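Pasted below: start_13.txt, compact mmCIF, N, CA and C atoms.
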# COMPACT_ATOMS: atom_id res chain seq x y z
N MET A 1 122.44 127.20 83.88
CA MET A 1 121.57 128.31 84.21
C MET A 1 122.44 129.46 84.74
N ASP A 2 122.08 130.66 84.35
CA ASP A 2 122.82 131.84 84.78
C ASP A 2 122.56 132.15 86.24
N SER A 3 123.56 132.75 86.88
CA SER A 3 123.41 133.17 88.27
C SER A 3 122.38 134.30 88.35
N PRO A 4 121.80 134.52 89.53
CA PRO A 4 120.86 135.62 89.68
C PRO A 4 121.47 136.98 89.29
N ALA A 5 122.72 137.19 89.63
CA ALA A 5 123.37 138.45 89.27
C ALA A 5 123.49 138.57 87.75
N GLU A 6 123.81 137.48 87.09
CA GLU A 6 123.93 137.50 85.62
C GLU A 6 122.57 137.71 84.98
N GLN A 7 121.53 137.12 85.54
CA GLN A 7 120.18 137.35 85.02
C GLN A 7 119.82 138.83 85.09
N LEU A 8 120.16 139.47 86.20
CA LEU A 8 119.87 140.91 86.33
C LEU A 8 120.67 141.72 85.32
N ARG A 9 121.95 141.39 85.16
CA ARG A 9 122.76 142.09 84.17
C ARG A 9 122.19 141.94 82.77
N GLN A 10 121.80 140.73 82.42
CA GLN A 10 121.24 140.49 81.09
C GLN A 10 119.94 141.26 80.89
N ALA A 11 119.11 141.28 81.91
CA ALA A 11 117.84 142.00 81.81
C ALA A 11 118.09 143.50 81.65
N ALA A 12 119.02 144.04 82.41
CA ALA A 12 119.34 145.47 82.31
C ALA A 12 119.92 145.77 80.93
N ASP A 13 120.78 144.91 80.44
CA ASP A 13 121.36 145.11 79.10
C ASP A 13 120.27 145.09 78.03
N ALA A 14 119.34 144.17 78.14
CA ALA A 14 118.26 144.07 77.16
C ALA A 14 117.43 145.34 77.15
N VAL A 15 117.14 145.88 78.32
CA VAL A 15 116.37 147.12 78.41
C VAL A 15 117.19 148.28 77.85
N ALA A 16 118.45 148.34 78.18
CA ALA A 16 119.31 149.42 77.68
C ALA A 16 119.38 149.41 76.15
N ARG A 17 119.37 148.24 75.55
CA ARG A 17 119.44 148.13 74.08
C ARG A 17 118.17 148.66 73.40
N LEU A 18 117.10 148.82 74.15
CA LEU A 18 115.86 149.34 73.54
C LEU A 18 115.99 150.80 73.14
N GLY A 19 116.88 151.51 73.78
CA GLY A 19 117.09 152.91 73.45
C GLY A 19 117.10 153.78 74.68
N CYS A 20 117.32 155.06 74.43
CA CYS A 20 117.48 156.02 75.53
C CYS A 20 116.47 157.15 75.49
N SER A 21 115.46 157.02 74.65
CA SER A 21 114.46 158.09 74.54
C SER A 21 113.15 157.52 74.03
N SER A 22 112.11 158.31 74.17
CA SER A 22 110.81 157.87 73.65
C SER A 22 110.88 157.73 72.13
N ALA A 23 111.69 158.54 71.48
CA ALA A 23 111.84 158.43 70.02
C ALA A 23 112.45 157.08 69.65
N ASP A 24 113.42 156.63 70.43
CA ASP A 24 114.01 155.31 70.18
C ASP A 24 112.94 154.22 70.30
N TYR A 25 112.10 154.34 71.30
CA TYR A 25 111.06 153.34 71.51
C TYR A 25 110.03 153.40 70.39
N GLU A 26 109.68 154.58 69.95
CA GLU A 26 108.71 154.74 68.86
C GLU A 26 109.23 154.13 67.56
N ALA A 27 110.55 154.09 67.41
CA ALA A 27 111.15 153.56 66.20
C ALA A 27 111.23 152.02 66.19
N LEU A 28 110.91 151.39 67.30
CA LEU A 28 110.97 149.93 67.37
C LEU A 28 109.90 149.32 66.47
N THR A 29 110.20 148.17 65.93
CA THR A 29 109.18 147.41 65.21
C THR A 29 108.16 146.90 66.22
N ASP A 30 107.02 146.44 65.72
CA ASP A 30 106.01 145.89 66.62
C ASP A 30 106.58 144.72 67.42
N ALA A 31 107.30 143.84 66.75
CA ALA A 31 107.87 142.67 67.41
C ALA A 31 108.88 143.10 68.47
N ALA A 32 109.70 144.10 68.16
CA ALA A 32 110.70 144.57 69.13
C ALA A 32 110.02 145.26 70.31
N ALA A 33 108.92 145.96 70.06
CA ALA A 33 108.19 146.60 71.15
C ALA A 33 107.60 145.56 72.10
N LEU A 34 107.04 144.50 71.54
CA LEU A 34 106.48 143.44 72.38
C LEU A 34 107.57 142.72 73.16
N ALA A 35 108.67 142.43 72.49
CA ALA A 35 109.80 141.79 73.17
C ALA A 35 110.38 142.71 74.24
N GLY A 36 110.43 144.01 73.92
CA GLY A 36 110.94 144.98 74.87
C GLY A 36 110.08 145.07 76.11
N GLN A 37 108.78 144.99 75.92
CA GLN A 37 107.88 145.02 77.09
C GLN A 37 108.15 143.83 77.99
N LYS A 38 108.41 142.68 77.38
CA LYS A 38 108.74 141.48 78.16
C LYS A 38 110.07 141.68 78.89
N ASP A 39 111.05 142.27 78.20
CA ASP A 39 112.36 142.52 78.83
C ASP A 39 112.21 143.46 80.03
N ILE A 40 111.41 144.50 79.87
CA ILE A 40 111.20 145.45 80.97
C ILE A 40 110.52 144.75 82.14
N ALA A 41 109.53 143.91 81.87
CA ALA A 41 108.84 143.17 82.93
C ALA A 41 109.80 142.25 83.67
N THR A 42 110.68 141.61 82.93
CA THR A 42 111.67 140.73 83.56
C THR A 42 112.60 141.52 84.46
N ALA A 43 113.11 142.64 83.95
CA ALA A 43 114.00 143.47 84.74
C ALA A 43 113.30 143.99 85.99
N ARG A 44 112.06 144.43 85.82
CA ARG A 44 111.29 144.94 86.95
C ARG A 44 111.10 143.86 88.01
N ARG A 45 110.76 142.64 87.57
CA ARG A 45 110.57 141.54 88.52
C ARG A 45 111.86 141.25 89.29
N LEU A 46 112.97 141.22 88.58
CA LEU A 46 114.25 140.96 89.23
C LEU A 46 114.62 142.08 90.21
N LEU A 47 114.36 143.31 89.83
CA LEU A 47 114.65 144.44 90.72
C LEU A 47 113.70 144.47 91.91
N GLU A 48 112.43 144.19 91.69
CA GLU A 48 111.46 144.19 92.79
C GLU A 48 111.80 143.12 93.81
N THR A 49 112.29 141.98 93.36
CA THR A 49 112.72 140.93 94.28
C THR A 49 113.84 141.45 95.16
N ARG A 50 114.82 142.11 94.53
CA ARG A 50 115.93 142.65 95.29
C ARG A 50 115.49 143.78 96.22
N ALA A 51 114.53 144.59 95.78
CA ALA A 51 114.01 145.66 96.63
C ALA A 51 113.35 145.06 97.88
N ALA A 52 112.65 143.96 97.71
CA ALA A 52 112.02 143.29 98.86
C ALA A 52 113.08 142.74 99.80
N TRP A 53 114.14 142.16 99.25
CA TRP A 53 115.22 141.64 100.09
C TRP A 53 115.86 142.78 100.88
N MET A 54 116.08 143.93 100.21
CA MET A 54 116.71 145.06 100.89
C MET A 54 115.79 145.62 101.97
N ALA A 55 114.51 145.73 101.68
CA ALA A 55 113.57 146.22 102.69
C ALA A 55 113.55 145.29 103.90
N ALA A 56 113.60 143.99 103.66
CA ALA A 56 113.62 143.03 104.77
C ALA A 56 114.91 143.17 105.58
N THR A 57 116.01 143.41 104.91
CA THR A 57 117.29 143.60 105.60
C THR A 57 117.23 144.85 106.47
N ILE A 58 116.72 145.94 105.91
CA ILE A 58 116.61 147.19 106.66
C ILE A 58 115.66 147.02 107.84
N ALA A 59 114.54 146.33 107.62
CA ALA A 59 113.59 146.10 108.71
C ALA A 59 114.24 145.28 109.82
N ASP A 60 115.01 144.26 109.45
CA ASP A 60 115.67 143.44 110.46
C ASP A 60 116.68 144.26 111.25
N ARG A 61 117.41 145.12 110.57
CA ARG A 61 118.41 145.95 111.24
C ARG A 61 117.78 147.09 112.03
N SER A 62 116.46 147.25 111.89
CA SER A 62 115.74 148.32 112.59
C SER A 62 114.73 147.77 113.58
N ARG A 63 114.88 146.51 113.97
CA ARG A 63 113.94 145.87 114.91
C ARG A 63 113.75 146.73 116.16
N PRO A 64 112.53 146.78 116.67
CA PRO A 64 112.26 147.60 117.86
C PRO A 64 113.16 147.27 119.05
N GLU A 65 113.48 145.99 119.21
CA GLU A 65 114.31 145.62 120.37
C GLU A 65 115.73 146.18 120.29
N LEU A 66 116.13 146.68 119.12
CA LEU A 66 117.45 147.30 118.99
C LEU A 66 117.45 148.74 119.49
N GLY A 67 116.25 149.28 119.70
CA GLY A 67 116.14 150.64 120.22
C GLY A 67 116.86 151.64 119.35
N HIS A 68 117.60 152.54 120.01
CA HIS A 68 118.29 153.62 119.29
C HIS A 68 119.48 153.12 118.47
N SER A 69 119.89 151.89 118.68
CA SER A 69 121.00 151.36 117.89
C SER A 69 120.52 150.72 116.58
N GLY A 70 119.21 150.65 116.38
CA GLY A 70 118.67 150.12 115.12
C GLY A 70 118.96 151.08 113.97
N LEU A 71 119.03 150.55 112.78
CA LEU A 71 119.40 151.33 111.61
C LEU A 71 118.50 152.54 111.39
N ALA A 72 117.19 152.33 111.38
CA ALA A 72 116.27 153.46 111.15
C ALA A 72 116.42 154.51 112.24
N ALA A 73 116.50 154.08 113.48
CA ALA A 73 116.64 155.02 114.60
C ALA A 73 117.94 155.80 114.48
N GLN A 74 119.02 155.14 114.11
CA GLN A 74 120.31 155.82 113.94
C GLN A 74 120.22 156.92 112.88
N GLN A 75 119.36 156.70 111.90
CA GLN A 75 119.21 157.66 110.81
C GLN A 75 118.15 158.72 111.11
N GLY A 76 117.55 158.64 112.31
CA GLY A 76 116.57 159.63 112.73
C GLY A 76 115.14 159.34 112.33
N PHE A 77 114.83 158.08 112.04
CA PHE A 77 113.48 157.70 111.62
C PHE A 77 112.82 156.85 112.69
N LEU A 78 111.49 156.97 112.78
CA LEU A 78 110.73 156.18 113.74
C LEU A 78 110.51 154.75 113.29
N SER A 79 110.61 154.52 111.98
CA SER A 79 110.37 153.17 111.46
C SER A 79 111.22 152.94 110.21
N PRO A 80 111.48 151.67 109.89
CA PRO A 80 112.21 151.39 108.65
C PRO A 80 111.40 151.81 107.42
N GLU A 81 110.08 151.71 107.52
CA GLU A 81 109.23 152.10 106.39
C GLU A 81 109.41 153.58 106.07
N ALA A 82 109.43 154.41 107.11
CA ALA A 82 109.61 155.85 106.92
C ALA A 82 110.97 156.15 106.31
N MET A 83 111.98 155.43 106.75
CA MET A 83 113.32 155.63 106.22
C MET A 83 113.39 155.24 104.75
N ILE A 84 112.81 154.09 104.40
CA ILE A 84 112.81 153.63 103.01
C ILE A 84 112.05 154.61 102.13
N GLN A 85 110.92 155.11 102.61
CA GLN A 85 110.15 156.09 101.83
C GLN A 85 110.99 157.33 101.55
N LYS A 86 111.70 157.81 102.55
CA LYS A 86 112.52 159.01 102.38
C LYS A 86 113.68 158.74 101.41
N VAL A 87 114.36 157.63 101.60
CA VAL A 87 115.52 157.30 100.78
C VAL A 87 115.13 157.09 99.32
N THR A 88 114.00 156.44 99.10
CA THR A 88 113.60 156.10 97.72
C THR A 88 112.67 157.12 97.09
N GLY A 89 112.10 158.00 97.91
CA GLY A 89 111.13 158.95 97.36
C GLY A 89 109.80 158.29 97.03
N SER A 90 109.55 157.14 97.63
CA SER A 90 108.33 156.40 97.35
C SER A 90 107.22 156.79 98.33
N SER A 91 106.03 156.34 98.03
CA SER A 91 104.90 156.58 98.92
C SER A 91 104.73 155.39 99.85
N LYS A 92 103.88 155.56 100.86
CA LYS A 92 103.64 154.47 101.81
C LYS A 92 103.07 153.25 101.10
N ASN A 93 102.19 153.45 100.13
CA ASN A 93 101.59 152.32 99.40
C ASN A 93 102.60 151.56 98.56
N GLU A 94 103.57 152.26 98.04
CA GLU A 94 104.58 151.60 97.21
C GLU A 94 105.44 150.71 98.05

Before we go any further, please render this structure as structure tokens.
Amino acid sequence: MDSPAEQLRQAADAVARLGCSSADYEALTDAAALAGQKDIATARRLLETRAAWMAATIADRSRPELGHSGLAAQQGFLSPEAMIQKVTGSSKNE
């Protein structure tokens, strides 16, 4: 079985092979489009897992008991959530 890092590399490579534009995607056969959707879902799942791990790491490094020495506080944020939103450009719901 491939390592988690290799799984992510393979998923990213599979998505990259689909093309670099909407025209490339439109040119895919039906079978390739369906397989591509599966490849994108796999890559997304692998990335979302890592995003959750990173958010947990940032939250741990920003624990309230760390006060001003916590990661979020050092960066000028009141919470790790606010810092992650700013860094990623995401919304609170995301």

Check your understanding: Between atom C of Leu71 in chain A and CA of Ile58 in chain A, what is the distance, to one decimal in Å?
Key ->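 Atom-to-atom, atom C of Leu71 in chain A and CA of Ile58 in chain A are spaced 7.4 Å apart.
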
Check your understanding: Need the neighbours of (107.5, 155.4, 101.8): which residues are at most 12 Å away, counting only C-alpha atoms, as an NGL selection string?
Key -> :A and (55 or 77 or 79-94)

Practice item. Any chance you could list, as a PyMOL selection string, the residues in chain A that come up helix (DSSP H, G or I) when DSSP is run on the backbone? Key: chain A and resi 4-16+22-26+30-61+64-69+71-74+80-88

Point to revise | Residue contacts of Ala43 in chain A (8 Å, only C-alpha atoms) excluding same-chain residues fewer than 6 positions away, as a PyMOL selection string | key: chain A and resi 8+11-12+15

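Here CA of Ala51 in chain A and atom N of Glu26 in chain A stand 28.5 Å from one another.
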
Study note, to complete from the structure: Residue with the minimum atom-to-atom distance to Thr42 in chain A, picked from A:Ala14, A:Ala59, A:Ala23, A:Leu66 with only C-alpha atoms counted, is A:Ala14

Please return range 50-75 of chain A, rebuilt to N, CA, C and O atoms, as a compact mmCIF listing (two decimals), keeping the file's coordinate frame.
# COMPACT_ATOMS: atom_id res chain seq x y z
N ARG A 50 114.82 142.11 94.53
CA ARG A 50 115.93 142.65 95.29
C ARG A 50 115.49 143.78 96.22
O ARG A 50 116.02 143.93 97.32
N ALA A 51 114.53 144.59 95.78
CA ALA A 51 114.01 145.66 96.63
C ALA A 51 113.35 145.06 97.88
O ALA A 51 113.50 145.60 98.98
N ALA A 52 112.65 143.96 97.71
CA ALA A 52 112.02 143.29 98.86
C ALA A 52 113.08 142.74 99.80
O ALA A 52 112.94 142.85 101.03
N TRP A 53 114.14 142.16 99.25
CA TRP A 53 115.22 141.64 100.09
C TRP A 53 115.86 142.78 100.88
O TRP A 53 116.16 142.64 102.06
N MET A 54 116.08 143.93 100.21
CA MET A 54 116.71 145.06 100.89
C MET A 54 115.79 145.62 101.97
O MET A 54 116.26 145.95 103.07
N ALA A 55 114.51 145.73 101.68
CA ALA A 55 113.57 146.22 102.69
C ALA A 55 113.55 145.29 103.90
O ALA A 55 113.51 145.76 105.05
N ALA A 56 113.60 143.99 103.66
CA ALA A 56 113.62 143.03 104.77
C ALA A 56 114.91 143.17 105.58
O ALA A 56 114.88 143.09 106.82
N THR A 57 116.01 143.41 104.91
CA THR A 57 117.29 143.60 105.60
C THR A 57 117.23 144.85 106.47
O THR A 57 117.64 144.83 107.64
N ILE A 58 116.72 145.94 105.91
CA ILE A 58 116.61 147.19 106.66
C ILE A 58 115.66 147.02 107.84
O ILE A 58 115.94 147.49 108.95
N ALA A 59 114.54 146.33 107.62
CA ALA A 59 113.59 146.10 108.71
C ALA A 59 114.24 145.28 109.82
O ALA A 59 114.06 145.58 111.01
N ASP A 60 115.01 144.26 109.45
CA ASP A 60 115.67 143.44 110.46
C ASP A 60 116.68 144.26 111.25
O ASP A 60 116.79 144.11 112.46
N ARG A 61 117.41 145.12 110.57
CA ARG A 61 118.41 145.95 111.24
C ARG A 61 117.78 147.09 112.03
O ARG A 61 118.49 147.81 112.73
N SER A 62 116.46 147.25 111.89
CA SER A 62 115.74 148.32 112.59
C SER A 62 114.73 147.77 113.58
O SER A 62 113.80 148.47 113.99
N ARG A 63 114.88 146.51 113.97
CA ARG A 63 113.94 145.87 114.91
C ARG A 63 113.75 146.73 116.16
O ARG A 63 114.72 147.31 116.66
N PRO A 64 112.53 146.78 116.67
CA PRO A 64 112.26 147.60 117.86
C PRO A 64 113.16 147.27 119.05
O PRO A 64 113.57 148.16 119.79
N GLU A 65 113.48 145.99 119.21
CA GLU A 65 114.31 145.62 120.37
C GLU A 65 115.73 146.18 120.29
O GLU A 65 116.46 146.20 121.29
N LEU A 66 116.13 146.68 119.12
CA LEU A 66 117.45 147.30 118.99
C LEU A 66 117.45 148.74 119.49
O LEU A 66 118.52 149.34 119.66
N GLY A 67 116.25 149.28 119.70
CA GLY A 67 116.14 150.64 120.22
C GLY A 67 116.86 151.64 119.35
O GLY A 67 116.80 151.60 118.12
N HIS A 68 117.60 152.54 120.01
CA HIS A 68 118.29 153.62 119.29
C HIS A 68 119.48 153.12 118.47
O HIS A 68 120.01 153.87 117.66
N SER A 69 119.89 151.89 118.68
CA SER A 69 121.00 151.36 117.89
C SER A 69 120.52 150.72 116.58
O SER A 69 121.34 150.32 115.75
N GLY A 70 119.21 150.65 116.38
CA GLY A 70 118.67 150.12 115.12
C GLY A 70 118.96 151.08 113.97
O GLY A 70 119.13 152.29 114.16
N LEU A 71 119.03 150.55 112.78
CA LEU A 71 119.40 151.33 111.61
C LEU A 71 118.50 152.54 111.39
O LEU A 71 118.98 153.66 111.22
N ALA A 72 117.19 152.33 111.38
CA ALA A 72 116.27 153.46 111.15
C ALA A 72 116.42 154.51 112.24
O ALA A 72 116.48 155.71 111.95
N ALA A 73 116.50 154.08 113.48
CA ALA A 73 116.64 155.02 114.60
C ALA A 73 117.94 155.80 114.48
O ALA A 73 117.96 157.02 114.72
N GLN A 74 119.02 155.14 114.11
CA GLN A 74 120.31 155.82 113.94
C GLN A 74 120.22 156.92 112.88
O GLN A 74 120.92 157.93 112.97
N GLN A 75 119.36 156.70 111.90
CA GLN A 75 119.21 157.66 110.81
C GLN A 75 118.15 158.72 111.11
O GLN A 75 117.84 159.56 110.27
